[in-house]
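Okay, input04.cif is below, mmCIF, C-alpha atoms:
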data_final
loop_
_atom_site.label_atom_id
_atom_site.label_comp_id
_atom_site.auth_asym_id
_atom_site.auth_seq_id
_atom_site.Cartn_x
_atom_site.Cartn_y
_atom_site.Cartn_z
CA MET A 1290 6.97 6.03 2.91
CA ALA A 1291 7.62 8.33 5.86
CA ASN A 1292 5.69 7.77 9.06
CA LEU A 1293 5.15 11.50 9.43
CA ARG A 1294 2.55 13.14 7.22
CA ILE A 1295 2.25 16.80 6.34
CA GLY A 1296 0.50 18.40 9.33
CA ASP A 1297 1.91 15.92 11.86
CA THR A 1298 3.87 17.05 14.91
CA ALA A 1299 7.65 16.68 15.12
CA LEU A 1300 8.87 13.64 17.00
CA ASP A 1301 11.34 14.65 19.66
CA PHE A 1302 14.80 13.16 19.88
CA THR A 1303 18.00 13.48 21.84
CA LEU A 1304 21.15 12.67 19.89
CA PRO A 1305 24.90 13.25 20.15
CA ALA A 1306 26.63 15.41 17.57
CA THR A 1307 30.09 15.51 16.11
CA ASP A 1308 30.74 18.78 17.97
CA GLY A 1309 30.65 16.90 21.28
CA LYS A 1310 27.27 18.25 22.34
CA THR A 1311 23.94 16.49 22.74
CA TYR A 1312 20.94 18.05 21.04
CA LYS A 1313 17.26 17.81 21.96
CA LEU A 1314 14.92 18.67 19.13
CA HIS A 1315 12.30 20.28 21.33
CA GLU A 1316 14.83 22.82 22.56
CA ALA A 1317 15.45 23.98 19.01
CA PHE A 1318 11.85 25.10 18.72
CA LYS A 1319 12.13 27.52 21.64
CA ASN A 1320 13.74 30.22 19.56
CA SER A 1321 13.15 29.10 15.99
CA ARG A 1322 10.68 30.01 13.29
CA ALA A 1323 11.35 26.74 11.48
CA VAL A 1324 13.40 23.60 12.05
CA ALA A 1325 14.72 21.30 9.34
CA VAL A 1326 15.70 17.70 10.05
CA VAL A 1327 17.78 16.13 7.31
CA PHE A 1328 18.59 12.43 7.21
CA THR A 1329 21.89 12.15 5.38
CA CYS A 1330 25.20 10.31 5.50
CA ASN A 1331 28.82 10.34 4.44
CA HIS A 1332 29.09 7.65 1.79
CA CYS A 1333 26.09 8.17 -0.48
CA PRO A 1334 26.83 10.07 -3.71
CA TYR A 1335 23.44 11.79 -3.57
CA ALA A 1336 24.08 13.01 -0.04
CA ILE A 1337 27.55 14.17 -1.05
CA ALA A 1338 26.22 15.91 -4.15
CA TRP A 1339 23.71 17.82 -2.04
CA GLU A 1340 25.70 18.46 1.16
CA ASP A 1341 27.12 21.84 0.15
CA ARG A 1342 23.64 23.00 -0.80
CA ILE A 1343 22.23 21.81 2.52
CA ASN A 1344 25.04 23.59 4.34
CA ALA A 1345 24.20 26.74 2.38
CA ILE A 1346 20.54 26.49 3.35
CA ALA A 1347 21.48 26.25 7.02
CA ARG A 1348 23.82 29.23 6.67
CA ASP A 1349 21.49 31.39 4.59
CA TYR A 1350 18.42 30.91 6.80
CA ALA A 1351 20.05 30.98 10.23
CA ALA A 1352 19.57 34.72 10.63
CA GLN A 1353 15.87 34.26 9.92
CA GLY A 1354 15.45 31.88 12.81
CA VAL A 1355 15.79 28.56 11.00
CA ARG A 1356 17.68 25.68 12.63
CA LEU A 1357 18.86 22.66 10.70
CA PHE A 1358 19.95 19.29 12.06
CA ALA A 1359 21.53 16.55 9.97
CA ILE A 1360 21.19 12.98 11.17
CA ASN A 1361 23.25 10.00 10.04
CA ALA A 1362 21.52 6.73 10.94
CA ASN A 1363 23.42 4.36 8.66
CA ASN A 1364 24.83 1.07 9.86
CA ALA A 1365 28.55 1.79 10.07
CA SER A 1366 29.35 -1.91 10.28
CA THR A 1367 28.46 -2.34 6.63
CA HIS A 1368 29.33 1.23 5.61
CA PRO A 1369 32.41 2.30 7.61
CA ALA A 1370 32.44 5.72 5.95
CA ASP A 1371 29.41 6.47 8.13
CA SER A 1372 31.10 5.85 11.46
CA PHE A 1373 30.89 8.58 14.07
CA GLU A 1374 34.62 9.23 13.66
CA ASN A 1375 34.20 9.73 9.91
CA MET A 1376 31.15 11.91 10.49
CA ALA A 1377 33.30 14.19 12.63
CA LYS A 1378 35.93 14.34 9.90
CA ARG A 1379 33.34 15.22 7.28
CA ALA A 1380 31.76 17.90 9.44
CA SER A 1381 35.16 19.46 9.97
CA GLU A 1382 36.35 19.19 6.37
CA LYS A 1383 33.13 20.59 4.95
CA HIS A 1384 32.67 23.23 7.63
CA PHE A 1385 29.15 22.16 8.44
CA VAL A 1386 27.30 25.00 10.13
CA PHE A 1387 24.66 22.61 11.49
CA PRO A 1388 24.88 19.91 14.14
CA TYR A 1389 25.69 16.54 12.55
CA LEU A 1390 23.92 14.00 14.72
CA HIS A 1391 24.52 10.29 15.10
CA ASP A 1392 21.46 8.05 15.33
CA GLU A 1393 23.39 4.92 16.15
CA SER A 1394 20.34 2.96 17.33
CA GLN A 1395 18.46 4.06 14.18
CA SER A 1396 15.44 4.70 16.38
CA VAL A 1397 14.95 8.27 15.17
CA ALA A 1398 15.15 7.31 11.51
CA ARG A 1399 12.69 4.50 12.14
CA SER A 1400 10.27 6.71 14.07
CA TYR A 1401 10.30 9.29 11.28
CA GLY A 1402 10.04 6.58 8.65
CA ALA A 1403 13.00 8.05 6.81
CA GLU A 1404 14.14 5.92 3.90
CA ARG A 1405 16.68 7.88 1.89
CA THR A 1406 19.74 10.03 2.20
CA PRO A 1407 19.17 12.86 1.89
CA GLU A 1408 15.57 13.22 3.07
CA LEU A 1409 14.27 16.43 4.60
CA PHE A 1410 11.52 17.10 7.13
CA ILE A 1411 10.82 20.80 7.68
CA PHE A 1412 8.67 21.96 10.59
CA ASP A 1413 7.22 25.35 11.36
CA ALA A 1414 7.47 27.05 14.75
CA THR A 1415 4.48 25.07 16.05
CA LYS A 1416 6.40 21.82 15.33
CA THR A 1417 4.06 21.03 12.45
CA LEU A 1418 5.52 19.23 9.44
CA ARG A 1419 5.23 21.53 6.46
CA TYR A 1420 7.63 19.98 3.95
CA HIS A 1421 8.97 16.50 3.33
CA GLY A 1422 11.20 15.36 0.48
CA ALA A 1423 14.27 16.23 -1.53
CA PRO A 1424 16.36 19.42 -1.17
CA ASP A 1425 15.72 20.42 -4.79
CA ASP A 1426 15.05 18.91 -8.19
CA ASN A 1427 18.57 18.26 -9.48
CA TYR A 1428 21.15 16.24 -7.57
CA GLU A 1429 23.59 16.38 -10.42
CA ASP A 1430 23.94 20.07 -11.12
CA GLU A 1431 23.10 22.79 -8.67
CA HIS A 1432 23.22 25.35 -11.47
CA ALA A 1433 20.46 23.51 -13.33
CA VAL A 1434 18.03 23.43 -10.41
CA LYS A 1435 14.59 24.67 -11.38
CA HIS A 1436 12.79 24.14 -8.08
CA HIS A 1437 14.55 24.76 -4.79
CA TYR A 1438 12.02 22.74 -2.81
CA ALA A 1439 13.50 23.23 0.63
CA ARG A 1440 14.21 26.91 0.19
CA GLU A 1441 10.77 27.51 -1.29
CA ALA A 1442 9.19 25.69 1.65
CA LEU A 1443 11.21 27.72 4.16
CA ASP A 1444 10.31 30.96 2.41
CA ALA A 1445 6.65 30.01 2.63
CA ILE A 1446 6.86 29.04 6.30
CA LEU A 1447 8.66 32.27 7.17
CA ALA A 1448 5.99 34.22 5.29
CA GLU A 1449 3.30 32.23 7.12
CA ARG A 1450 2.08 30.71 3.90
CA GLU A 1451 1.50 27.10 2.93
CA PRO A 1452 4.41 25.70 0.90
CA ALA A 1453 3.23 25.35 -2.69
CA LEU A 1454 4.83 21.92 -2.87
CA PRO A 1455 4.66 20.34 0.59
CA GLU A 1456 5.89 16.94 -0.50
CA THR A 1457 8.35 15.64 -3.09
CA LYS A 1458 9.91 12.25 -3.61
CA PRO A 1459 13.15 11.86 -1.66
CA VAL A 1460 15.94 10.86 -4.03
CA GLY A 1461 19.05 9.13 -2.76
CA CYS A 1462 20.52 6.00 -1.25
CA SER A 1463 18.47 3.85 1.06
CA ILE A 1464 19.26 4.15 4.75
CA LYS A 1465 21.48 1.22 5.67
CA TRP A 1466 19.57 -0.59 8.36
CA LYS A 1467 21.06 -2.91 10.93
CA PRO A 1468 19.95 -6.55 10.73
CA MET B 1249 32.89 -4.98 -31.37
CA PRO B 1250 33.50 -4.16 -27.71
CA LYS B 1251 31.84 -6.04 -24.92
CA VAL B 1252 29.67 -3.56 -23.03
CA GLU B 1253 28.36 -4.39 -19.57
CA PHE B 1254 25.99 -2.31 -17.48
CA LEU B 1255 25.52 -3.47 -13.89
CA TYR B 1256 23.05 -1.86 -11.56
CA TRP B 1257 21.24 -2.17 -8.24
CA ALA B 1258 17.60 -1.14 -8.55
CA ASP B 1259 17.70 0.70 -5.22
CA CYS B 1260 19.87 3.46 -6.68
CA PRO B 1261 17.78 5.92 -8.67
CA SER B 1262 20.44 6.97 -11.19
CA HIS B 1263 20.63 3.72 -13.16
CA GLU B 1264 17.99 4.62 -15.74
CA ARG B 1265 19.65 7.93 -16.52
CA ALA B 1266 23.04 6.25 -16.59
CA LEU B 1267 21.87 3.61 -19.06
CA ALA B 1268 20.36 6.31 -21.26
CA LEU B 1269 23.64 8.20 -21.09
CA LEU B 1270 25.57 5.07 -22.08
CA ARG B 1271 23.32 4.51 -25.08
CA GLU B 1272 23.65 8.18 -26.10
CA VAL B 1273 27.41 7.94 -26.04
CA MET B 1274 27.35 4.72 -28.05
CA THR B 1275 25.20 6.39 -30.68
CA GLU B 1276 27.48 9.42 -30.83
CA GLU B 1277 30.58 7.24 -31.04
CA GLN B 1278 28.89 5.01 -33.64
CA ILE B 1279 29.40 1.91 -31.56
CA GLN B 1280 27.08 -0.88 -32.49
CA ALA B 1281 27.28 -3.46 -29.76
CA PRO B 1282 24.75 -5.05 -27.47
CA VAL B 1283 24.66 -3.81 -23.89
CA GLU B 1284 24.66 -6.66 -21.42
CA ILE B 1285 22.48 -5.46 -18.55
CA VAL B 1286 22.97 -7.16 -15.20
CA GLU B 1287 20.78 -6.43 -12.21
CA VAL B 1288 22.71 -7.10 -9.02
CA LYS B 1289 20.27 -8.07 -6.29
CA THR B 1290 22.23 -9.54 -3.39
CA GLU B 1291 25.47 -9.06 -1.51
CA ALA B 1292 26.59 -12.45 -2.80
CA GLU B 1293 26.04 -11.28 -6.38
CA ALA B 1294 27.88 -8.04 -5.61
CA GLN B 1295 30.89 -10.12 -4.59
CA GLN B 1296 30.49 -12.45 -7.55
CA TYR B 1297 30.41 -9.59 -10.06
CA GLN B 1298 33.01 -7.49 -8.20
CA PHE B 1299 30.34 -4.82 -8.11
CA TYR B 1300 31.57 -1.59 -6.50
CA GLY B 1301 28.26 0.21 -6.70
CA SER B 1302 25.40 1.13 -8.95
CA PRO B 1303 25.70 1.88 -11.76
CA THR B 1304 28.89 0.27 -13.04
CA ILE B 1305 29.88 0.24 -16.72
CA ARG B 1306 32.58 -1.99 -18.12
CA ILE B 1307 33.98 -1.95 -21.64
CA ASP B 1308 35.80 -5.14 -22.55
CA GLY B 1309 35.92 -5.93 -18.86
CA ALA B 1310 37.52 -2.64 -17.82
CA ASP B 1311 35.69 -0.21 -15.57
CA ILE B 1312 35.09 3.14 -17.26
CA ALA B 1313 36.20 5.12 -14.20
CA PRO B 1314 38.54 4.71 -11.25
CA LEU B 1315 37.07 3.92 -7.87
CA THR B 1316 36.68 6.73 -5.38
CA GLU B 1317 37.24 6.56 -1.65
CA TYR B 1318 33.47 6.07 -1.28
CA SER B 1319 33.32 2.90 -3.38
CA MET B 1320 36.31 0.83 -2.41
CA GLN B 1321 34.83 -2.59 -1.80
CA PRO B 1322 32.35 -4.76 -3.66
CA THR B 1323 28.93 -4.31 -2.08
CA LEU B 1324 25.34 -3.35 -2.76
CA THR B 1325 25.59 0.41 -2.72
CA CYS B 1326 25.19 3.48 -4.89
CA ARG B 1327 28.42 4.31 -6.62
CA ALA B 1328 30.10 7.67 -6.28
CA TYR B 1329 31.81 9.06 -9.36
CA ARG B 1330 34.21 11.96 -9.33
CA ARG B 1331 33.55 14.53 -12.02
CA ALA B 1332 36.26 16.47 -13.82
CA ASP B 1333 35.63 19.46 -11.55
CA GLY B 1334 36.17 17.28 -8.47
CA ARG B 1335 32.57 17.04 -7.42
CA ILE B 1336 30.96 13.70 -6.54
CA SER B 1337 28.03 12.48 -8.60
CA PRO B 1338 25.85 9.36 -8.67
CA LEU B 1339 26.11 9.42 -12.47
CA PRO B 1340 29.15 8.25 -14.42
CA PRO B 1341 30.73 11.19 -16.22
CA ARG B 1342 30.01 11.27 -19.94
CA ASP B 1343 33.67 12.02 -20.67
CA SER B 1344 34.71 8.85 -18.84
CA ILE B 1345 32.38 6.72 -20.93
CA VAL B 1346 33.64 8.29 -24.16
CA ALA B 1347 37.25 7.85 -23.12
CA ALA B 1348 36.67 4.23 -22.19
CA PHE B 1349 35.24 3.41 -25.62
CA ARG B 1350 38.11 5.19 -27.35
CA ARG B 1351 40.66 3.30 -25.22
CA ALA B 1352 38.96 0.02 -26.10
CA SER B 1353 39.02 0.82 -29.81
CA THR B 1354 42.77 1.35 -29.79
CA VAL B 1355 43.66 -1.89 -28.01
#
Go ahead and render the structure in this file as C-alpha coordinates.
Amino acid sequence: MANLRIGDTALDFTLPATDGKTYKLHEAFKNSRAVAVVFTCNHCPYAIAWEDRINAIARDYAAQGVRLFAINANNASTHPADSFENMAKRASEKHFVFPYLHDESQSVARSYGAERTPELFIFDATKTLRYHGAPDDNYEDEHAVKHHYAREALDAILAEREPALPETKPVGCSIKWKP
Amino acid sequence: MPKVEFLYWADCPSHERALALLREVMTEEQIQAPVEIVEVKTEAEAQQYQFYGSPTIRIDGADIAPLTEYSMQPTLTCRAYRRADGRISPLPPRDSIVAAFRRASTV
(Lines of atoms letter the chains of each structure in order from A and count residues from 1; the text may use other names and numbers.)
(Lines give C-alpha, C1' and ligand atoms only; values in the text may rest on other atoms or scores of the structure.)
Protein backbone atom coordinates (compact mmCIF):
# COMPACT_ATOMS: atom_id res chain seq x y z
CA MET A 1 0.00 0.00 0.00
CA ALA A 2 1.31 3.46 -0.88
CA ASN A 3 2.73 5.62 1.88
CA LEU A 4 0.92 8.64 0.50
CA ARG A 5 -2.80 8.92 1.13
CA ILE A 6 -5.30 11.01 -0.77
CA GLY A 7 -4.95 14.53 0.67
CA ASP A 8 -1.26 14.13 1.53
CA THR A 9 1.38 16.53 0.22
CA ALA A 10 3.76 15.56 -2.57
CA LEU A 11 7.17 14.38 -1.46
CA ASP A 12 9.87 16.32 -3.22
CA PHE A 13 12.62 14.63 -5.19
CA THR A 14 15.56 15.45 -7.39
CA LEU A 15 16.32 12.88 -10.07
CA PRO A 16 18.28 12.64 -13.32
CA ALA A 17 16.41 12.07 -16.57
CA THR A 18 17.23 10.41 -19.84
CA ASP A 19 17.33 13.83 -21.52
CA GLY A 20 20.45 14.71 -19.53
CA LYS A 21 18.70 17.13 -17.20
CA THR A 22 18.00 16.88 -13.49
CA TYR A 23 14.45 17.53 -12.34
CA LYS A 24 13.19 18.78 -8.99
CA LEU A 25 9.55 18.03 -8.35
CA HIS A 26 8.88 21.23 -6.43
CA GLU A 27 9.91 23.30 -9.44
CA ALA A 28 7.24 21.63 -11.55
CA PHE A 29 4.55 23.03 -9.29
CA LYS A 30 5.58 26.64 -9.94
CA ASN A 31 3.72 26.83 -13.23
CA SER A 32 1.47 23.79 -13.18
CA ARG A 33 -2.18 23.18 -12.42
CA ALA A 34 -1.51 19.50 -11.79
CA VAL A 35 1.49 17.18 -11.66
CA ALA A 36 1.43 13.45 -12.32
CA VAL A 37 4.16 11.14 -11.05
CA VAL A 38 4.15 7.73 -12.70
CA PHE A 39 6.28 4.85 -11.48
CA THR A 40 6.94 2.70 -14.51
CA CYS A 41 9.70 0.73 -16.21
CA ASN A 42 10.94 -0.75 -19.46
CA HIS A 43 10.53 -4.49 -19.03
CA CYS A 44 7.08 -4.96 -17.53
CA PRO A 45 4.34 -5.92 -20.02
CA TYR A 46 1.78 -3.85 -18.13
CA ALA A 47 3.99 -0.78 -18.27
CA ILE A 48 4.64 -1.39 -21.96
CA ALA A 49 0.94 -1.91 -22.66
CA TRP A 50 0.12 1.41 -21.02
CA GLU A 51 3.12 3.55 -22.04
CA ASP A 52 1.59 4.98 -25.23
CA ARG A 53 -1.52 5.94 -23.28
CA ILE A 54 0.57 7.61 -20.59
CA ASN A 55 2.52 9.47 -23.26
CA ALA A 56 -0.79 10.60 -24.76
CA ILE A 57 -1.99 11.88 -21.40
CA ALA A 58 1.17 13.94 -21.00
CA ARG A 59 0.79 15.31 -24.52
CA ASP A 60 -2.95 15.98 -24.34
CA TYR A 61 -2.87 17.80 -20.99
CA ALA A 62 0.36 19.77 -21.37
CA ALA A 63 -1.40 22.81 -22.79
CA GLN A 64 -3.69 22.83 -19.77
CA GLY A 65 -0.79 23.15 -17.38
CA VAL A 66 -0.28 19.50 -16.46
CA ARG A 67 3.24 18.11 -16.03
CA LEU A 68 3.99 14.41 -15.98
CA PHE A 69 7.11 12.67 -14.73
CA ALA A 70 7.83 8.97 -15.19
CA ILE A 71 10.17 7.29 -12.73
CA ASN A 72 11.93 3.96 -13.18
CA ALA A 73 13.16 2.61 -9.85
CA ASN A 74 13.74 -1.02 -10.80
CA ASN A 75 16.91 -2.88 -9.91
CA ALA A 76 18.74 -3.05 -13.22
CA SER A 77 21.07 -5.73 -11.90
CA THR A 78 18.26 -8.27 -12.00
CA HIS A 79 16.35 -6.59 -14.84
CA PRO A 80 18.90 -5.18 -17.31
CA ALA A 81 16.14 -3.85 -19.56
CA ASP A 82 15.64 -1.19 -16.89
CA SER A 83 19.16 0.20 -16.98
CA PHE A 84 19.56 3.93 -17.49
CA GLU A 85 20.99 3.30 -20.95
CA ASN A 86 17.94 1.25 -21.93
CA MET A 87 15.65 3.87 -20.43
CA ALA A 88 17.21 6.44 -22.73
CA LYS A 89 16.69 4.15 -25.71
CA ARG A 90 13.05 3.61 -24.81
CA ALA A 91 12.40 7.31 -24.31
CA SER A 92 13.89 8.02 -27.72
CA GLU A 93 12.17 5.17 -29.56
CA LYS A 94 8.77 5.94 -28.08
CA HIS A 95 9.12 9.71 -28.31
CA PHE A 96 8.27 10.26 -24.68
CA VAL A 97 7.08 13.82 -24.17
CA PHE A 98 7.71 13.61 -20.42
CA PRO A 99 10.95 13.39 -18.45
CA TYR A 100 11.89 9.76 -17.82
CA LEU A 101 13.64 9.78 -14.46
CA HIS A 102 15.98 7.25 -12.92
CA ASP A 103 15.53 6.49 -9.23
CA GLU A 104 18.64 4.37 -8.94
CA SER A 105 18.71 4.43 -5.14
CA GLN A 106 14.99 3.54 -5.07
CA SER A 107 14.56 6.13 -2.34
CA VAL A 108 11.77 7.98 -4.13
CA ALA A 109 9.80 4.82 -4.84
CA ARG A 110 10.23 3.77 -1.22
CA SER A 111 9.19 7.17 0.14
CA TYR A 112 6.06 7.15 -2.00
CA GLY A 113 5.39 3.53 -1.14
CA ALA A 114 5.03 2.70 -4.81
CA GLU A 115 4.65 -1.00 -5.46
CA ARG A 116 3.72 -1.51 -9.09
CA THR A 117 4.58 -0.45 -12.59
CA PRO A 118 2.72 1.49 -13.68
CA GLU A 119 1.40 3.33 -10.61
CA LEU A 120 0.22 6.93 -10.79
CA PHE A 121 0.15 9.70 -8.20
CA ILE A 122 -1.60 12.86 -9.38
CA PHE A 123 -1.32 16.10 -7.41
CA ASP A 124 -3.18 19.35 -7.77
CA ALA A 125 -1.51 22.76 -7.89
CA THR A 126 -1.31 22.87 -4.09
CA LYS A 127 0.79 19.65 -4.16
CA THR A 128 -2.11 17.69 -2.68
CA LEU A 129 -2.53 14.08 -3.78
CA ARG A 130 -5.84 13.81 -5.58
CA TYR A 131 -5.53 10.50 -7.43
CA HIS A 132 -3.58 7.31 -6.90
CA GLY A 133 -3.79 4.11 -8.92
CA ALA A 134 -3.92 2.71 -12.43
CA PRO A 135 -4.05 4.76 -15.65
CA ASP A 136 -7.37 3.21 -16.68
CA ASP A 137 -9.36 0.02 -16.33
CA ASN A 138 -8.03 -2.08 -19.21
CA TYR A 139 -4.35 -2.83 -19.71
CA GLU A 140 -5.05 -5.17 -22.56
CA ASP A 141 -7.10 -3.07 -24.95
CA GLU A 142 -7.15 0.68 -24.98
CA HIS A 143 -10.24 0.62 -27.19
CA ALA A 144 -12.15 -1.32 -24.53
CA VAL A 145 -11.43 1.11 -21.70
CA LYS A 146 -14.55 2.11 -19.83
CA HIS A 147 -13.01 4.32 -17.17
CA HIS A 148 -10.07 6.56 -17.97
CA TYR A 149 -9.12 7.00 -14.33
CA ALA A 150 -6.17 9.31 -14.79
CA ARG A 151 -7.83 11.48 -17.40
CA GLU A 152 -11.01 11.69 -15.35
CA ALA A 153 -8.98 12.70 -12.30
CA LEU A 154 -7.11 15.36 -14.26
CA ASP A 155 -10.35 16.71 -15.70
CA ALA A 156 -11.74 17.00 -12.19
CA ILE A 157 -8.62 18.69 -10.82
CA LEU A 158 -8.57 21.18 -13.69
CA ALA A 159 -12.26 21.91 -13.08
CA GLU A 160 -11.52 22.31 -9.35
CA ARG A 161 -13.69 19.35 -8.50
CA GLU A 162 -12.96 16.26 -6.44
CA PRO A 163 -12.11 13.26 -8.64
CA ALA A 164 -15.07 10.89 -8.53
CA LEU A 165 -12.70 7.97 -8.11
CA PRO A 166 -9.64 9.18 -6.18
CA GLU A 167 -8.12 5.75 -5.72
CA THR A 168 -7.95 2.57 -7.78
CA LYS A 169 -5.84 -0.55 -7.44
CA PRO A 170 -2.55 -0.25 -9.30
CA VAL A 171 -2.19 -3.16 -11.72
CA GLY A 172 1.20 -4.24 -12.97
CA CYS A 173 4.53 -5.79 -12.12
CA SER A 174 6.03 -5.33 -8.70
CA ILE A 175 8.87 -2.84 -8.45
CA LYS A 176 12.11 -4.81 -8.47
CA TRP A 177 13.78 -3.90 -5.22
CA LYS A 178 17.47 -4.17 -4.50
CA PRO A 179 18.46 -6.66 -1.79
CA MET B 1 -4.33 -36.39 -25.01
CA PRO B 2 -1.86 -33.50 -24.88
CA LYS B 3 0.06 -32.62 -21.78
CA VAL B 4 -0.99 -29.12 -20.77
CA GLU B 5 1.08 -27.12 -18.30
CA PHE B 6 0.25 -23.72 -16.86
CA LEU B 7 3.02 -22.06 -14.87
CA TYR B 8 2.52 -18.81 -13.04
CA TRP B 9 3.97 -16.43 -10.47
CA ALA B 10 1.28 -15.09 -8.15
CA ASP B 11 2.77 -11.58 -8.23
CA CYS B 12 1.63 -11.07 -11.83
CA PRO B 13 -2.05 -10.17 -11.97
CA SER B 14 -2.84 -11.69 -15.38
CA HIS B 15 -2.56 -15.36 -14.41
CA GLU B 16 -6.20 -15.84 -13.48
CA ARG B 17 -7.41 -14.37 -16.75
CA ALA B 18 -4.81 -16.37 -18.64
CA LEU B 19 -5.91 -19.63 -17.03
CA ALA B 20 -9.53 -18.84 -17.83
CA LEU B 21 -8.51 -18.10 -21.41
CA LEU B 22 -6.67 -21.42 -21.63
CA ARG B 23 -9.71 -23.32 -20.38
CA GLU B 24 -11.97 -21.45 -22.82
CA VAL B 25 -9.76 -22.41 -25.73
CA MET B 26 -9.65 -26.03 -24.58
CA THR B 27 -13.43 -26.12 -24.46
CA GLU B 28 -13.73 -24.56 -27.91
CA GLU B 29 -11.15 -26.94 -29.35
CA GLN B 30 -12.82 -29.88 -27.57
CA ILE B 31 -9.63 -30.82 -25.79
CA GLN B 32 -10.21 -32.92 -22.74
CA ALA B 33 -7.00 -32.99 -20.80
CA PRO B 34 -6.03 -32.04 -17.28
CA VAL B 35 -4.19 -28.76 -16.83
CA GLU B 36 -1.14 -29.15 -14.66
CA ILE B 37 -0.91 -25.90 -12.71
CA VAL B 38 2.47 -24.99 -11.28
CA GLU B 39 3.00 -22.00 -9.03
CA VAL B 40 6.57 -20.79 -9.34
CA LYS B 41 7.59 -19.12 -6.09
CA THR B 42 11.35 -18.68 -6.10
CA GLU B 43 14.20 -17.81 -8.43
CA ALA B 44 15.53 -21.33 -7.95
CA GLU B 45 12.20 -22.75 -9.12
CA ALA B 46 12.20 -20.34 -12.07
CA GLN B 47 15.53 -21.81 -13.13
CA GLN B 48 14.37 -25.35 -12.45
CA TYR B 49 11.23 -24.97 -14.57
CA GLN B 50 12.95 -22.81 -17.23
CA PHE B 51 10.28 -20.25 -16.43
CA TYR B 52 10.53 -17.14 -18.63
CA GLY B 53 7.74 -15.26 -16.94
CA SER B 54 4.18 -15.46 -15.74
CA PRO B 55 2.05 -16.87 -17.17
CA THR B 56 3.67 -19.58 -19.28
CA ILE B 57 1.68 -22.26 -21.11
CA ARG B 58 3.24 -25.38 -22.54
CA ILE B 59 1.55 -28.00 -24.69
CA ASP B 60 3.43 -31.28 -24.78
CA GLY B 61 6.42 -29.42 -23.41
CA ALA B 62 6.45 -26.74 -26.11
CA ASP B 63 5.86 -23.10 -25.25
CA ILE B 64 2.77 -21.71 -26.97
CA ALA B 65 4.55 -18.51 -28.02
CA PRO B 66 8.07 -17.35 -28.86
CA LEU B 67 9.97 -15.35 -26.30
CA THR B 68 10.14 -11.60 -26.73
CA GLU B 69 13.11 -9.37 -26.03
CA TYR B 70 11.54 -8.63 -22.63
CA SER B 71 11.51 -12.25 -21.47
CA MET B 72 14.79 -13.76 -22.54
CA GLN B 73 16.03 -15.46 -19.42
CA PRO B 74 14.42 -17.69 -16.82
CA THR B 75 13.44 -15.56 -13.84
CA LEU B 76 10.56 -14.53 -11.62
CA THR B 77 8.93 -11.88 -13.76
CA CYS B 78 5.76 -11.05 -15.63
CA ARG B 79 5.93 -12.32 -19.16
CA ALA B 80 5.49 -10.07 -22.15
CA TYR B 81 3.63 -11.50 -25.13
CA ARG B 82 3.59 -9.95 -28.56
CA ARG B 83 0.15 -9.75 -30.11
CA ALA B 84 -0.54 -10.17 -33.81
CA ASP B 85 -0.73 -6.39 -34.20
CA GLY B 86 2.73 -6.01 -32.64
CA ARG B 87 1.61 -4.69 -29.30
CA ILE B 88 2.92 -6.13 -26.03
CA SER B 89 0.47 -7.72 -23.62
CA PRO B 90 0.72 -9.51 -20.27
CA LEU B 91 -1.79 -12.05 -21.58
CA PRO B 92 -0.93 -14.86 -23.99
CA PRO B 93 -2.71 -14.30 -27.30
CA ARG B 94 -5.71 -16.57 -27.81
CA ASP B 95 -4.57 -17.33 -31.37
CA SER B 96 -1.24 -18.60 -30.06
CA ILE B 97 -2.94 -21.00 -27.66
CA VAL B 98 -5.23 -22.30 -30.41
CA ALA B 99 -2.33 -22.72 -32.81
CA ALA B 100 -0.29 -24.56 -30.20
CA PHE B 101 -3.05 -27.10 -29.59
CA ARG B 102 -3.52 -27.62 -33.33
CA ARG B 103 0.23 -28.12 -33.81
CA ALA B 104 0.25 -30.67 -31.00
CA SER B 105 -2.66 -32.57 -32.51
CA THR B 106 -0.84 -33.01 -35.81
CA VAL B 107 2.41 -34.34 -34.35
Any chance you could work out the residue set of the PyMOL selection byres ((chain B) within 9 of (chain A)) here, as a list in words?
->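 Residues picked by the PyMOL selection byres ((chain B) within 9 of (chain A)): Asp1259, Cys1260, Pro1261, Ser1262, Glu1317, Tyr1318, Ser1319, Thr1323, Thr1325, Cys1326, Arg1327, Ala1328, Tyr1329, Arg1335, Ile1336, Ser1337, Pro1338 and Leu1339 of chain B.
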Any chance you could work out the residue set of the PyMOL selection byres ((chain B and resi 1352) around 12) here, as a ChimeraX atom specification?
-> /B:1249-1252,1279,1306-1312,1345-1351,1353-1355
Within 12 Å of Arg1399 (chain A), counting all atoms listed in the file, which residues qualify if same-chain residues fewer than 3 places away don't, as a list in words?
->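 The residues satisfying every condition are Met1290, Ala1291, Asn1292, Leu1293, Leu1300, Phe1302, Phe1328, Ala1362, Asn1363, Asp1392, Glu1393, Ser1394, Gln1395, Ser1396, Gly1402, Ala1403, Glu1404, Arg1405, Ile1464, Lys1465, Trp1466 and Lys1467 of chain A.
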Suppose you want the space between CA of Tyr1300 (chain B) and CA of Pro1282 (chain B); what is it in Å?
->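 According to the coordinates, CA of Tyr1300 (chain B) and CA of Pro1282 (chain B) are separated by 22.3 Å.
For the atom pair formed by CA of Phe1410 (chain A) and CA of Ile1343 (chain A), the distance is 12.6 Å, given to one decimal.
Atom pair CA of Ala1268 (chain B) / CA of Thr1329 (chain A) has a distance of 27.3 Å (rounded to one decimal).
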Restricting the calculation to only C-alpha atoms, which member of A:Leu1390, A:Ile1346, A:Ala1442, A:Cys1330 is positioned closest to Thr1457 (chain A)?
-> A:Ala1442
Hits of the PyMOL selection byres ((chain B and resi 1254) around 10) in this structure, as a PyMOL selection string = chain B and resi 1252-1253+1255-1256+1263+1266-1267+1270+1283-1287+1302-1307
